[in-house]
>>> print(open('model35.txt').read())   # compact mmCIF, C-alpha atoms
# COMPACT_ATOMS: atom_id res chain seq x y z
CA MET A 1 -13.74 -36.58 -53.86
CA PRO A 2 -17.46 -37.62 -54.01
CA PRO A 3 -20.09 -34.85 -53.95
CA LEU A 4 -20.47 -33.25 -50.54
CA THR A 5 -23.68 -33.53 -48.57
CA ALA A 6 -25.49 -30.37 -47.43
CA ALA A 7 -23.91 -30.61 -43.99
CA GLU A 8 -20.45 -31.18 -45.44
CA THR A 9 -20.87 -28.22 -47.78
CA TYR A 10 -21.71 -26.00 -44.81
CA LEU A 11 -18.81 -27.35 -42.73
CA GLN A 12 -16.37 -26.81 -45.57
CA ASP A 13 -17.56 -23.23 -45.96
CA PHE A 14 -17.40 -22.62 -42.20
CA HIS A 15 -13.82 -23.87 -41.94
CA GLN A 16 -12.84 -21.82 -44.96
CA ARG A 17 -14.02 -18.74 -43.03
CA GLN A 18 -12.97 -19.85 -39.56
CA VAL A 19 -9.70 -21.73 -39.97
CA GLY A 20 -8.32 -23.14 -36.74
CA VAL A 21 -11.43 -22.41 -34.70
CA THR A 22 -11.44 -25.85 -33.01
CA SER A 23 -7.88 -25.64 -31.73
CA ALA A 24 -8.49 -22.02 -30.70
CA ALA A 25 -11.33 -23.23 -28.48
CA PHE A 26 -9.68 -26.29 -26.94
CA ALA A 27 -5.88 -26.25 -27.23
CA HIS A 28 -5.23 -23.75 -24.43
CA LEU A 29 -7.60 -25.27 -21.83
CA PRO A 30 -6.62 -28.11 -19.47
CA ALA A 31 -8.90 -31.14 -19.52
CA ARG A 32 -9.67 -33.81 -16.95
CA SER A 33 -11.45 -37.09 -16.45
CA ALA A 34 -12.36 -38.63 -13.12
CA SER A 35 -8.89 -40.17 -12.87
CA THR A 36 -6.56 -38.23 -15.17
CA SER A 37 -5.59 -34.63 -15.91
CA TYR A 38 -4.45 -33.61 -19.39
CA ALA A 39 -2.76 -30.53 -20.78
CA SER A 40 -5.72 -30.30 -23.19
CA SER A 41 -8.34 -32.47 -24.85
CA TYR A 42 -5.86 -32.89 -27.71
CA ALA A 43 -3.32 -34.25 -25.24
CA ALA A 44 -5.87 -36.85 -24.12
CA LEU A 45 -5.47 -38.30 -27.62
CA SER A 46 -1.75 -37.76 -28.12
CA ASP A 47 -1.15 -39.53 -24.79
CA LEU A 48 -2.72 -42.69 -26.25
CA VAL A 49 0.20 -43.04 -28.67
CA PRO A 50 3.16 -44.63 -26.86
CA ILE A 51 6.58 -43.02 -26.78
CA GLY A 52 9.32 -45.36 -27.98
CA ASN A 53 11.52 -46.45 -30.85
CA ARG A 54 9.33 -49.02 -32.57
CA PRO A 55 7.75 -48.01 -35.89
CA LEU A 56 4.22 -46.68 -35.53
CA SER A 57 1.82 -45.08 -37.99
CA VAL A 58 -0.79 -42.61 -36.73
CA LEU A 59 -3.75 -41.25 -38.71
CA ASP A 60 -5.51 -38.11 -37.48
CA LEU A 61 -8.96 -38.23 -39.08
CA GLY A 62 -10.44 -34.75 -39.43
CA CYS A 63 -7.09 -33.22 -38.55
CA GLY A 64 -8.12 -29.59 -39.13
CA ASN A 65 -5.18 -27.21 -38.78
CA GLY A 66 -2.93 -30.00 -37.54
CA HIS A 67 -2.72 -29.18 -33.82
CA LEU A 68 -2.87 -32.82 -32.68
CA LEU A 69 -0.34 -33.86 -35.32
CA GLY A 70 1.90 -31.04 -34.09
CA LEU A 71 1.85 -32.46 -30.56
CA LEU A 72 2.92 -35.84 -31.91
CA ALA A 73 5.54 -34.40 -34.28
CA ALA A 74 7.10 -32.44 -31.40
CA ARG A 75 8.17 -35.74 -29.84
CA GLN A 76 10.68 -36.18 -32.67
CA GLN A 77 10.23 -39.94 -32.69
CA ALA A 78 12.10 -41.10 -35.76
CA GLN A 79 9.87 -44.14 -36.23
CA LEU A 80 6.57 -42.25 -35.92
CA GLN A 81 4.80 -41.86 -39.27
CA LEU A 82 2.08 -39.19 -39.14
CA LEU A 83 -0.81 -38.76 -41.57
CA GLY A 84 -3.63 -36.23 -41.40
CA ILE A 85 -6.82 -36.24 -43.46
CA ASP A 86 -9.39 -33.45 -43.63
CA MET A 87 -11.94 -32.32 -46.21
CA SER A 88 -11.07 -28.62 -45.71
CA GLU A 89 -8.24 -27.42 -47.93
CA ALA A 90 -8.13 -24.17 -45.96
CA GLU A 91 -7.42 -26.04 -42.70
CA LEU A 92 -4.87 -28.26 -44.44
CA ALA A 93 -3.05 -25.23 -45.84
CA VAL A 94 -2.51 -23.94 -42.31
CA ALA A 95 -1.41 -27.40 -41.20
CA ARG A 96 1.11 -27.66 -44.04
CA ALA A 97 2.66 -24.34 -43.07
CA ALA A 98 2.97 -25.35 -39.41
CA LEU A 99 3.99 -29.01 -39.53
CA PRO A 100 7.27 -30.67 -40.54
CA PRO A 101 7.46 -31.92 -44.15
CA SER A 102 7.56 -35.49 -42.83
CA VAL A 103 3.88 -35.23 -41.82
CA ARG A 104 1.71 -36.34 -44.75
CA LEU A 105 -1.53 -34.42 -45.28
CA LEU A 106 -4.39 -35.41 -47.60
CA GLN A 107 -7.68 -33.80 -48.52
CA GLY A 108 -10.47 -36.34 -48.41
CA ARG A 109 -13.63 -37.66 -46.80
CA ALA A 110 -13.66 -40.21 -44.00
CA GLN A 111 -16.14 -42.33 -45.97
CA ALA A 112 -13.50 -43.10 -48.62
CA LEU A 113 -9.98 -42.92 -47.19
CA ASP A 114 -7.07 -42.90 -49.61
CA VAL A 115 -5.08 -45.09 -47.22
CA PRO A 116 -3.91 -48.70 -47.72
CA SER A 117 -5.74 -51.38 -45.78
CA ALA A 118 -4.20 -52.54 -42.49
CA SER A 119 -1.56 -49.80 -42.56
CA VAL A 120 -2.40 -47.74 -39.45
CA ASP A 121 -1.48 -48.52 -35.84
CA TYR A 122 -3.35 -45.63 -34.18
CA LEU A 123 -6.35 -43.76 -35.57
CA VAL A 124 -7.25 -40.64 -33.60
CA SER A 125 -9.83 -37.91 -34.14
CA HIS A 126 -10.64 -34.71 -32.25
CA MET A 127 -14.18 -33.24 -32.37
CA ALA A 128 -14.91 -34.49 -35.88
CA LEU A 129 -16.58 -37.91 -35.95
CA MET A 130 -19.90 -36.76 -34.48
CA LEU A 131 -20.27 -34.39 -37.47
CA MET A 132 -19.78 -37.00 -40.18
CA ASP A 133 -22.49 -38.32 -42.47
CA ASP A 134 -22.83 -42.05 -43.22
CA ILE A 135 -21.09 -42.91 -39.97
CA GLU A 136 -21.38 -46.66 -40.56
CA GLN A 137 -19.25 -46.30 -43.70
CA VAL A 138 -16.80 -44.20 -41.69
CA MET A 139 -16.55 -47.05 -39.17
CA ARG A 140 -15.91 -49.54 -41.97
CA GLU A 141 -13.15 -47.36 -43.40
CA MET A 142 -11.57 -46.89 -39.97
CA ARG A 143 -11.50 -50.64 -39.44
CA ARG A 144 -10.17 -51.24 -42.95
CA VAL A 145 -7.14 -48.99 -42.54
CA LEU A 146 -6.33 -50.12 -38.99
CA ARG A 147 -4.12 -53.13 -38.51
CA PRO A 148 -5.62 -55.99 -36.47
CA GLY A 149 -5.15 -54.89 -32.88
CA GLY A 150 -4.73 -51.28 -33.94
CA GLN A 151 -6.04 -48.64 -31.56
CA PHE A 152 -8.83 -46.10 -32.10
CA GLY A 153 -9.33 -43.01 -29.94
CA ALA A 154 -11.64 -40.07 -30.45
CA ILE A 155 -12.73 -36.98 -28.58
CA VAL A 156 -16.38 -36.20 -29.33
CA GLY A 157 -19.02 -33.96 -27.81
CA ARG A 158 -20.86 -35.04 -24.67
CA THR A 159 -22.72 -31.95 -23.54
CA PHE A 160 -22.58 -28.45 -24.95
CA LEU A 161 -21.65 -26.33 -21.91
CA LEU A 162 -20.83 -27.47 -18.40
CA GLY A 163 -22.92 -26.48 -15.43
CA GLU A 164 -26.07 -24.41 -15.04
CA VAL A 165 -25.15 -22.13 -17.93
CA ASN A 166 -25.96 -24.98 -20.35
CA ASP A 167 -29.59 -25.04 -19.19
CA VAL A 168 -29.75 -21.24 -19.35
CA PHE A 169 -28.39 -21.21 -22.89
CA MET A 170 -30.80 -23.87 -24.11
CA ARG A 171 -33.74 -22.07 -22.54
CA VAL A 172 -33.07 -18.90 -24.54
CA PHE A 173 -31.71 -20.59 -27.67
CA LYS A 174 -34.53 -23.00 -28.46
CA PRO A 175 -37.33 -20.43 -28.98
CA ILE A 176 -35.14 -18.38 -31.31
CA ALA A 177 -33.80 -21.41 -33.17
CA SER A 178 -37.29 -22.86 -33.68
CA ASP A 179 -38.17 -20.20 -36.24
CA ALA A 180 -34.78 -18.75 -37.25
CA LEU A 181 -32.45 -21.74 -37.68
CA PRO A 182 -32.64 -23.48 -41.08
CA PRO A 183 -32.84 -27.27 -40.66
CA LEU A 184 -29.54 -29.05 -41.20
CA ARG A 185 -28.55 -32.38 -39.67
CA PHE A 186 -24.97 -32.88 -38.57
CA GLY A 187 -23.78 -36.46 -38.26
CA ASP A 188 -25.47 -39.45 -36.66
CA ARG A 189 -27.39 -39.24 -33.40
CA ARG A 190 -25.72 -42.41 -32.13
CA THR A 191 -22.41 -40.59 -31.70
CA GLY A 192 -23.99 -38.64 -28.84
CA SER A 193 -24.29 -41.58 -26.43
CA GLU A 194 -22.22 -44.47 -25.13
CA ALA A 195 -24.93 -46.92 -26.21
CA GLY A 196 -24.85 -45.49 -29.72
CA TRP A 197 -21.06 -45.79 -29.91
CA ARG A 198 -21.24 -49.41 -28.77
CA GLU A 199 -23.74 -50.11 -31.53
CA LEU A 200 -21.40 -48.54 -34.09
CA LEU A 201 -18.21 -50.19 -32.86
CA ASP A 202 -19.23 -53.63 -31.60
CA ALA A 203 -19.16 -55.36 -35.00
CA ASP A 204 -15.50 -54.65 -35.81
CA PHE A 205 -13.91 -53.40 -32.58
CA ALA A 206 -13.24 -54.78 -29.12
CA ASP A 207 -12.39 -53.36 -25.69
CA VAL A 208 -14.67 -50.34 -26.16
CA GLU A 209 -14.14 -47.85 -23.34
CA PHE A 210 -15.38 -44.36 -22.48
CA ASP A 211 -14.19 -41.50 -20.31
CA ASP A 212 -16.07 -38.31 -19.60
CA ILE A 213 -13.69 -35.42 -20.26
CA ASP A 214 -14.45 -32.01 -18.79
CA VAL A 215 -12.77 -28.86 -20.09
CA PRO A 216 -13.44 -26.31 -17.33
CA TRP A 217 -13.44 -22.63 -18.22
CA ALA A 218 -14.37 -19.48 -16.33
CA PRO A 219 -14.97 -16.74 -18.92
CA THR A 220 -16.78 -13.45 -18.58
CA PRO A 221 -20.22 -13.42 -20.23
CA GLY A 222 -18.77 -11.42 -23.13
CA ALA A 223 -15.90 -13.85 -23.66
CA LEU A 224 -18.31 -16.78 -23.55
CA TRP A 225 -20.58 -15.16 -26.13
CA THR A 226 -17.58 -14.54 -28.40
CA ALA A 227 -16.71 -18.24 -28.18
CA LEU A 228 -20.30 -19.24 -28.92
CA LEU A 229 -20.21 -17.22 -32.14
CA ASP A 230 -17.80 -19.86 -33.48
CA THR A 231 -20.27 -22.72 -32.98
CA TYR A 232 -22.13 -24.05 -35.97
CA ASP A 233 -25.73 -23.35 -34.99
CA ILE A 234 -25.09 -19.76 -33.89
CA ASP A 235 -23.03 -19.16 -37.03
CA ARG A 236 -26.02 -20.28 -39.09
CA LEU A 237 -28.44 -17.76 -37.53
CA ASP A 238 -29.15 -14.56 -39.43
CA ASP A 239 -27.94 -11.27 -37.95
CA ASP A 240 -31.26 -10.36 -36.35
CA ALA A 241 -31.65 -13.75 -34.64
CA ARG A 242 -28.06 -13.60 -33.45
CA ARG A 243 -28.62 -10.15 -31.92
CA ARG A 244 -31.76 -11.36 -30.16
CA LEU A 245 -29.95 -14.42 -28.84
CA ARG A 246 -27.02 -12.36 -27.59
CA SER A 247 -29.26 -10.00 -25.66
CA ALA A 248 -31.36 -12.79 -24.14
CA PHE A 249 -28.34 -14.90 -23.26
CA LEU A 250 -26.32 -12.14 -21.62
CA ASP A 251 -29.34 -11.13 -19.55
CA ALA A 252 -30.01 -14.73 -18.52
CA VAL A 253 -26.45 -15.50 -17.37
CA THR A 254 -26.03 -12.36 -15.25
CA PRO A 255 -27.22 -14.15 -12.06
CA LEU A 256 -24.58 -16.87 -12.63
CA GLN A 257 -21.61 -14.51 -12.42
CA ALA A 258 -19.15 -14.89 -9.56
CA GLY A 259 -17.76 -11.92 -7.67
CA ASP A 260 -15.01 -11.46 -10.25
CA GLY A 261 -17.54 -11.33 -13.09
CA THR A 262 -16.77 -14.79 -14.49
CA ILE A 263 -19.04 -17.79 -15.03
CA ALA A 264 -18.07 -21.35 -14.09
CA THR A 265 -18.63 -23.43 -17.22
CA GLY A 266 -16.62 -25.18 -19.94
CA TRP A 267 -17.11 -27.91 -22.50
CA GLY A 268 -18.30 -31.47 -21.89
CA LEU A 269 -16.49 -34.06 -24.03
CA ARG A 270 -16.23 -37.82 -24.26
CA LEU A 271 -13.14 -39.94 -24.96
CA VAL A 272 -14.00 -43.08 -26.94
CA ARG A 273 -11.41 -45.86 -27.21
CA ALA A 274 -11.44 -49.24 -28.90
CA ARG A 275 -9.21 -51.90 -30.45
CA ALA A 276 -9.59 -53.17 -34.00
CA ALA A 277 -10.77 -56.77 -33.66
>>> encode(input="model35.txt", output="structure tokens")
Amino acid sequence: MPPLTAAETYLQDFHQRQVGVTSAAFAHLPARSASTSYASSYAALSDLVPIGNRPLSVLDLGCGNGHLLGLLAARQQAQLQLLGIDMSEAELAVARAALPPSVRLLQGRAQALDVPSASVDYLVSHMALMLMDDIEQVMREMRRVLRPGGQFGAIVGRTFLLGEVNDVFMRVFKPIASDALPPLRFGDRRTGSEAGWRELLDADFADVEFDDIDVPWAPTPGALWTALLDTYDIDRLDDDARRRLRSAFLDAVTPLQAGDGTIATGWGLRLVRARAA
């Protein structure tokens, strides 16, 4: 595997320490778009793969601990060939223990996939592509391994938190981060907007479509803070900055609590779909 970038080195370390953190955050929460409800944001991707008897190959890029592959494997479709690729050996070890032996798992980077050209019918990815360096090379590799007409679907970030709590968090986070958060760039800014995705996909893909996916959640302030500890920027703060942020954040969200002590929020995601031209 080529040398890791600074961001990749951090991400590999994080997922060594926090295996399965992405599925822990998203797998148990229902998700919805304007027209469709899903069992989870993972299901929004698994639902793209048709159920049937014809042979299909599916690649989960940035598969983590294998939760999405597990949803697909549970169908027990004899003709469904499943492959997961991730750069974290710790995540892959958990996936290997949980998934059937028929699911193939590889350690690797999305910029250089060890996958034959034109061999994949569906390429899916959950909360990974917006973190990847050299995204244009990732797009080239995705198109290379997809068959002509093959389908691409990804869940990526759209907004951090849903509702007013997002503004409250940013208001208290930015002053602390400005002097306590070491600079580190994750991914390409274009993956944060529909226009950016069109720029990345238009050369080699057709029928580009987007859906806003909301993952509503009503945690207590304490439960929300615990979840935030597993996000990259808060993980990267030193202990003193994290303590200051916790105090400021919990104070700031107190007015947002409902009568039962919870806060209406959640995660704002985007579903990106396209066809290999």
>>> residues_around(input="model35.txt", residues="Pro148 in chain A", least_positions_apart="2", cutoff="6 Å", atoms="only C-alpha atoms", output="PyMOL selection string")
chain A and resi 150+276-277
>>> residues_around(input="model35.txt", residues="Glu194 in chain A", least_positions_apart="4", cutoff="10 Å", atoms="all atoms listed in the file", output="PyMOL selection string")
chain A and resi 158+190+198-200+208-211+270+272
>>> closest_residue(input="model35.txt", among="A:Met87, A:Leu245, A:Leu271, A:Leu29", to="Thr9 in chain A", atoms="only C-alpha atoms")
A:Met87
>>> closest_atom_pairs(input="model35.txt", of="range 39-105 of chain A", to="range 122-145 of chain A", cutoff="12 Å", atoms="all atoms listed in the file", output="CSV")
residue,atom,partner,partner_atom,distance
A:Ser40,CA,A:His126,CA,11.2
A:Ser41,CA,A:His126,CA,8.1
A:Tyr42,CA,A:His126,CA,6.8
A:Ala43,CA,A:His126,CA,10.1
A:Ala44,CA,A:His126,CA,9.7
A:Leu45,CA,A:Val124,CA,6.7
A:Ser46,CA,A:Val124,CA,8.3
A:Asp47,CA,A:Val124,CA,10.8
A:Leu48,CA,A:Tyr122,CA,8.5
A:Val49,CA,A:Tyr122,CA,7.0
A:Pro50,CA,A:Tyr122,CA,9.8
A:Pro55,CA,A:Tyr122,CA,11.5
A:Leu56,CA,A:Tyr122,CA,7.8
A:Ser57,CA,A:Tyr122,CA,6.4
A:Val58,CA,A:Tyr122,CA,4.7
A:Leu59,CA,A:Leu123,CA,4.8
A:Asp60,CA,A:Val124,CA,4.9
A:Leu61,CA,A:Ser125,CA,5.0
A:Gly62,CA,A:Ala128,CA,5.7
A:Cys63,CA,A:Ser125,CA,7.0
A:Gly64,CA,A:His126,CA,8.9
A:Asn65,CA,A:His126,CA,11.3
A:Gly66,CA,A:His126,CA,10.5
A:His67,CA,A:His126,CA,9.8
A:Leu68,CA,A:His126,CA,8.0
A:Leu69,CA,A:Val124,CA,9.8
A:Leu72,CA,A:Val124,CA,11.4
A:Leu80,CA,A:Tyr122,CA,10.6
A:Gln81,CA,A:Tyr122,CA,10.3
A:Leu82,CA,A:Tyr122,CA,9.8
A:Leu83,CA,A:Leu123,CA,9.6
A:Gly84,CA,A:Val124,CA,9.7
A:Ile85,CA,A:Ser125,CA,9.9
A:Asp86,CA,A:Ala128,CA,9.6
A:Met87,CA,A:Met132,CA,10.9
>>> closest_residue(input="model35.txt", among="A:Gln12, A:Ser193, A:Gln18, A:Thr36", to="Ile213 in chain A", atoms="all atoms listed in the file")
A:Thr36
>>> closest_residue(input="model35.txt", among="A:Ala73, A:Phe186, A:Leu181, A:Phe152", to="Asp235 in chain A", atoms="only C-alpha atoms")
A:Leu181
>>> atom_distance(input="model35.txt", atom1="CA of Glu8 in chain A", atom2="CA of Leu237 in chain A")
17.5 Å
>>> residues_near_point(input="model35.txt", point="(-23.8, -22.5, -14.2)", cutoff="8 Å", atoms="all atoms listed in the file", output="PDB file with C-alpha atoms, in the coordinates of the input")
ATOM      1  CA  LEU A 162     -20.830 -27.470 -18.400  1.00  0.00           C
ATOM      2  CA  GLY A 163     -22.920 -26.480 -15.430  1.00  0.00           C
ATOM      3  CA  GLU A 164     -26.070 -24.410 -15.040  1.00  0.00           C
ATOM      4  CA  VAL A 165     -25.150 -22.130 -17.930  1.00  0.00           C
ATOM      5  CA  ASN A 166     -25.960 -24.980 -20.350  1.00  0.00           C
ATOM      6  CA  VAL A 168     -29.750 -21.240 -19.350  1.00  0.00           C
ATOM      7  CA  LEU A 256     -24.580 -16.870 -12.630  1.00  0.00           C
ATOM      8  CA  ILE A 263     -19.040 -17.790 -15.030  1.00  0.00           C
ATOM      9  CA  ALA A 264     -18.070 -21.350 -14.090  1.00  0.00           C
ATOM     10  CA  THR A 265     -18.630 -23.430 -17.220  1.00  0.00           C
TER      11      THR A 265
END
>>> atom_distance(input="model35.txt", atom1="CA of Tyr38 in chain A", atom2="CA of Thr231 in chain A")
23.5 Å
>>> residues_near_point(input="model35.txt", point="(-29.0, -23.1, -27.2)", cutoff="10 Å", atoms="all atoms listed in the file", output="MDAnalysis selection string")
chainID A and resid 160:161 166:177 228 233:234 245 249
>>> atom_distance(input="model35.txt", atom1="CA of Ala218 in chain A", atom2="CA of Asp239 in chain A")
26.8 Å
>>> closest_residue(input="model35.txt", among="A:Ala227, A:Ala6, A:Ala248, A:Ile155", to="Arg185 in chain A", atoms="only C-alpha atoms")
A:Ala6
>>> residues_around(input="model35.txt", residues="Gln77 in chain A", least_positions_apart="5", cutoff="8 Å", atoms="all atoms listed in the file", output="list in words")
Ile51, Gly52 and Asn53 of chain A
>>> build_atoms(input="model35.txt", residues="range 73-107 of chain A", atoms="N, CA and C atoms", output="PDB file, in the frame of the given file")
ATOM      1  N   ALA A  73       4.298 -34.683 -33.566  1.00  0.00           N
ATOM      2  CA  ALA A  73       5.540 -34.400 -34.280  1.00  0.00           C
ATOM      3  C   ALA A  73       6.593 -33.804 -33.348  1.00  0.00           C
ATOM      4  N   ALA A  74       6.162 -33.065 -32.338  1.00  0.00           N
ATOM      5  CA  ALA A  74       7.100 -32.440 -31.400  1.00  0.00           C
ATOM      6  C   ALA A  74       7.893 -33.460 -30.592  1.00  0.00           C
ATOM      7  N   ARG A  75       7.424 -34.687 -30.545  1.00  0.00           N
ATOM      8  CA  ARG A  75       8.170 -35.740 -29.840  1.00  0.00           C
ATOM      9  C   ARG A  75       9.477 -36.098 -30.552  1.00  0.00           C
ATOM     10  N   GLN A  76       9.513 -35.858 -31.848  1.00  0.00           N
ATOM     11  CA  GLN A  76      10.680 -36.180 -32.670  1.00  0.00           C
ATOM     12  C   GLN A  76      11.041 -37.662 -32.574  1.00  0.00           C
ATOM     13  N   GLN A  77      10.016 -38.497 -32.625  1.00  0.00           N
ATOM     14  CA  GLN A  77      10.230 -39.940 -32.690  1.00  0.00           C
ATOM     15  C   GLN A  77      10.509 -40.326 -34.137  1.00  0.00           C
ATOM     16  N   ALA A  78      11.691 -40.816 -34.388  1.00  0.00           N
ATOM     17  CA  ALA A  78      12.100 -41.100 -35.760  1.00  0.00           C
ATOM     18  C   ALA A  78      11.207 -42.126 -36.434  1.00  0.00           C
ATOM     19  N   GLN A  79      10.651 -43.049 -35.666  1.00  0.00           N
ATOM     20  CA  GLN A  79       9.870 -44.140 -36.230  1.00  0.00           C
ATOM     21  C   GLN A  79       8.369 -43.860 -36.249  1.00  0.00           C
ATOM     22  N   LEU A  80       7.988 -42.618 -35.960  1.00  0.00           N
ATOM     23  CA  LEU A  80       6.570 -42.250 -35.920  1.00  0.00           C
ATOM     24  C   LEU A  80       6.153 -41.646 -37.257  1.00  0.00           C
ATOM     25  N   GLN A  81       5.293 -42.334 -37.987  1.00  0.00           N
ATOM     26  CA  GLN A  81       4.800 -41.860 -39.270  1.00  0.00           C
ATOM     27  C   GLN A  81       3.423 -41.221 -39.056  1.00  0.00           C
ATOM     28  N   LEU A  82       3.298 -39.955 -39.419  1.00  0.00           N
ATOM     29  CA  LEU A  82       2.080 -39.190 -39.140  1.00  0.00           C
ATOM     30  C   LEU A  82       1.360 -38.837 -40.430  1.00  0.00           C
ATOM     31  N   LEU A  83       0.045 -39.056 -40.427  1.00  0.00           N
ATOM     32  CA  LEU A  83      -0.810 -38.760 -41.570  1.00  0.00           C
ATOM     33  C   LEU A  83      -2.053 -38.038 -41.067  1.00  0.00           C
ATOM     34  N   GLY A  84      -2.405 -36.934 -41.716  1.00  0.00           N
ATOM     35  CA  GLY A  84      -3.630 -36.230 -41.400  1.00  0.00           C
ATOM     36  C   GLY A  84      -4.526 -36.135 -42.608  1.00  0.00           C
ATOM     37  N   ILE A  85      -5.837 -36.335 -42.385  1.00  0.00           N
ATOM     38  CA  ILE A  85      -6.820 -36.240 -43.460  1.00  0.00           C
ATOM     39  C   ILE A  85      -7.928 -35.289 -43.020  1.00  0.00           C
ATOM     40  N   ASP A  86      -8.307 -34.378 -43.902  1.00  0.00           N
ATOM     41  CA  ASP A  86      -9.390 -33.450 -43.630  1.00  0.00           C
ATOM     42  C   ASP A  86     -10.023 -33.074 -44.967  1.00  0.00           C
ATOM     43  N   MET A  87     -11.310 -32.718 -44.948  1.00  0.00           N
ATOM     44  CA  MET A  87     -11.940 -32.320 -46.210  1.00  0.00           C
ATOM     45  C   MET A  87     -11.788 -30.834 -46.487  1.00  0.00           C
ATOM     46  N   SER A  88     -11.225 -30.065 -45.531  1.00  0.00           N
ATOM     47  CA  SER A  88     -11.070 -28.620 -45.710  1.00  0.00           C
ATOM     48  C   SER A  88      -9.668 -28.286 -46.188  1.00  0.00           C
ATOM     49  N   GLU A  89      -9.557 -27.811 -47.413  1.00  0.00           N
ATOM     50  CA  GLU A  89      -8.240 -27.420 -47.930  1.00  0.00           C
ATOM     51  C   GLU A  89      -7.702 -26.210 -47.185  1.00  0.00           C
ATOM     52  N   ALA A  90      -8.590 -25.337 -46.709  1.00  0.00           N
ATOM     53  CA  ALA A  90      -8.130 -24.170 -45.960  1.00  0.00           C
ATOM     54  C   ALA A  90      -7.453 -24.589 -44.652  1.00  0.00           C
ATOM     55  N   GLU A  91      -8.040 -25.537 -43.931  1.00  0.00           N
ATOM     56  CA  GLU A  91      -7.420 -26.040 -42.700  1.00  0.00           C
ATOM     57  C   GLU A  91      -6.092 -26.745 -43.024  1.00  0.00           C
ATOM     58  N   LEU A  92      -6.086 -27.534 -44.074  1.00  0.00           N
ATOM     59  CA  LEU A  92      -4.870 -28.260 -44.440  1.00  0.00           C
ATOM     60  C   LEU A  92      -3.749 -27.314 -44.845  1.00  0.00           C
ATOM     61  N   ALA A  93      -4.078 -26.197 -45.462  1.00  0.00           N
ATOM     62  CA  ALA A  93      -3.050 -25.230 -45.840  1.00  0.00           C
ATOM     63  C   ALA A  93      -2.343 -24.685 -44.613  1.00  0.00           C
ATOM     64  N   VAL A  94      -3.111 -24.407 -43.568  1.00  0.00           N
ATOM     65  CA  VAL A  94      -2.510 -23.940 -42.310  1.00  0.00           C
ATOM     66  C   VAL A  94      -1.658 -25.050 -41.696  1.00  0.00           C
ATOM     67  N   ALA A  95      -2.170 -26.283 -41.745  1.00  0.00           N
ATOM     68  CA  ALA A  95      -1.410 -27.400 -41.200  1.00  0.00           C
ATOM     69  C   ALA A  95      -0.089 -27.589 -41.936  1.00  0.00           C
ATOM     70  N   ARG A  96      -0.125 -27.488 -43.264  1.00  0.00           N
ATOM     71  CA  ARG A  96       1.110 -27.660 -44.040  1.00  0.00           C
ATOM     72  C   ARG A  96       2.164 -26.623 -43.666  1.00  0.00           C
ATOM     73  N   ALA A  97       1.720 -25.407 -43.417  1.00  0.00           N
ATOM     74  CA  ALA A  97       2.660 -24.340 -43.070  1.00  0.00           C
ATOM     75  C   ALA A  97       3.255 -24.533 -41.680  1.00  0.00           C
ATOM     76  N   ALA A  98       2.539 -25.237 -40.803  1.00  0.00           N
ATOM     77  CA  ALA A  98       2.970 -25.350 -39.410  1.00  0.00           C
ATOM     78  C   ALA A  98       3.715 -26.641 -39.112  1.00  0.00           C
ATOM     79  N   LEU A  99       3.466 -27.691 -39.867  1.00  0.00           N
ATOM     80  CA  LEU A  99       3.990 -29.010 -39.530  1.00  0.00           C
ATOM     81  C   LEU A  99       5.259 -29.332 -40.318  1.00  0.00           C
ATOM     82  N   PRO A 100       6.082 -30.237 -39.794  1.00  0.00           N
ATOM     83  CA  PRO A 100       7.270 -30.670 -40.540  1.00  0.00           C
ATOM     84  C   PRO A 100       6.884 -31.349 -41.854  1.00  0.00           C
ATOM     85  N   PRO A 101       7.765 -31.278 -42.850  1.00  0.00           N
ATOM     86  CA  PRO A 101       7.460 -31.920 -44.150  1.00  0.00           C
ATOM     87  C   PRO A 101       7.223 -33.417 -44.036  1.00  0.00           C
ATOM     88  N   SER A 102       7.725 -34.043 -42.977  1.00  0.00           N
ATOM     89  CA  SER A 102       7.560 -35.490 -42.830  1.00  0.00           C
ATOM     90  C   SER A 102       6.114 -35.885 -42.541  1.00  0.00           C
ATOM     91  N   VAL A 103       5.284 -34.937 -42.086  1.00  0.00           N
ATOM     92  CA  VAL A 103       3.880 -35.230 -41.820  1.00  0.00           C
ATOM     93  C   VAL A 103       3.112 -35.169 -43.143  1.00  0.00           C
ATOM     94  N   ARG A 104       2.462 -36.254 -43.490  1.00  0.00           N
ATOM     95  CA  ARG A 104       1.710 -36.340 -44.750  1.00  0.00           C
ATOM     96  C   ARG A 104       0.286 -35.857 -44.526  1.00  0.00           C
ATOM     97  N   LEU A 105      -0.192 -34.984 -45.400  1.00  0.00           N
ATOM     98  CA  LEU A 105      -1.530 -34.420 -45.280  1.00  0.00           C
ATOM     99  C   LEU A 105      -2.306 -34.650 -46.575  1.00  0.00           C
ATOM    100  N   LEU A 106      -3.556 -35.106 -46.441  1.00  0.00           N
ATOM    101  CA  LEU A 106      -4.390 -35.410 -47.600  1.00  0.00           C
ATOM    102  C   LEU A 106      -5.761 -34.761 -47.438  1.00  0.00           C
ATOM    103  N   GLN A 107      -6.295 -34.239 -48.519  1.00  0.00           N
ATOM    104  CA  GLN A 107      -7.680 -33.800 -48.520  1.00  0.00           C
ATOM    105  C   GLN A 107      -8.554 -34.981 -48.898  1.00  0.00           C
TER     106      GLN A 107
END
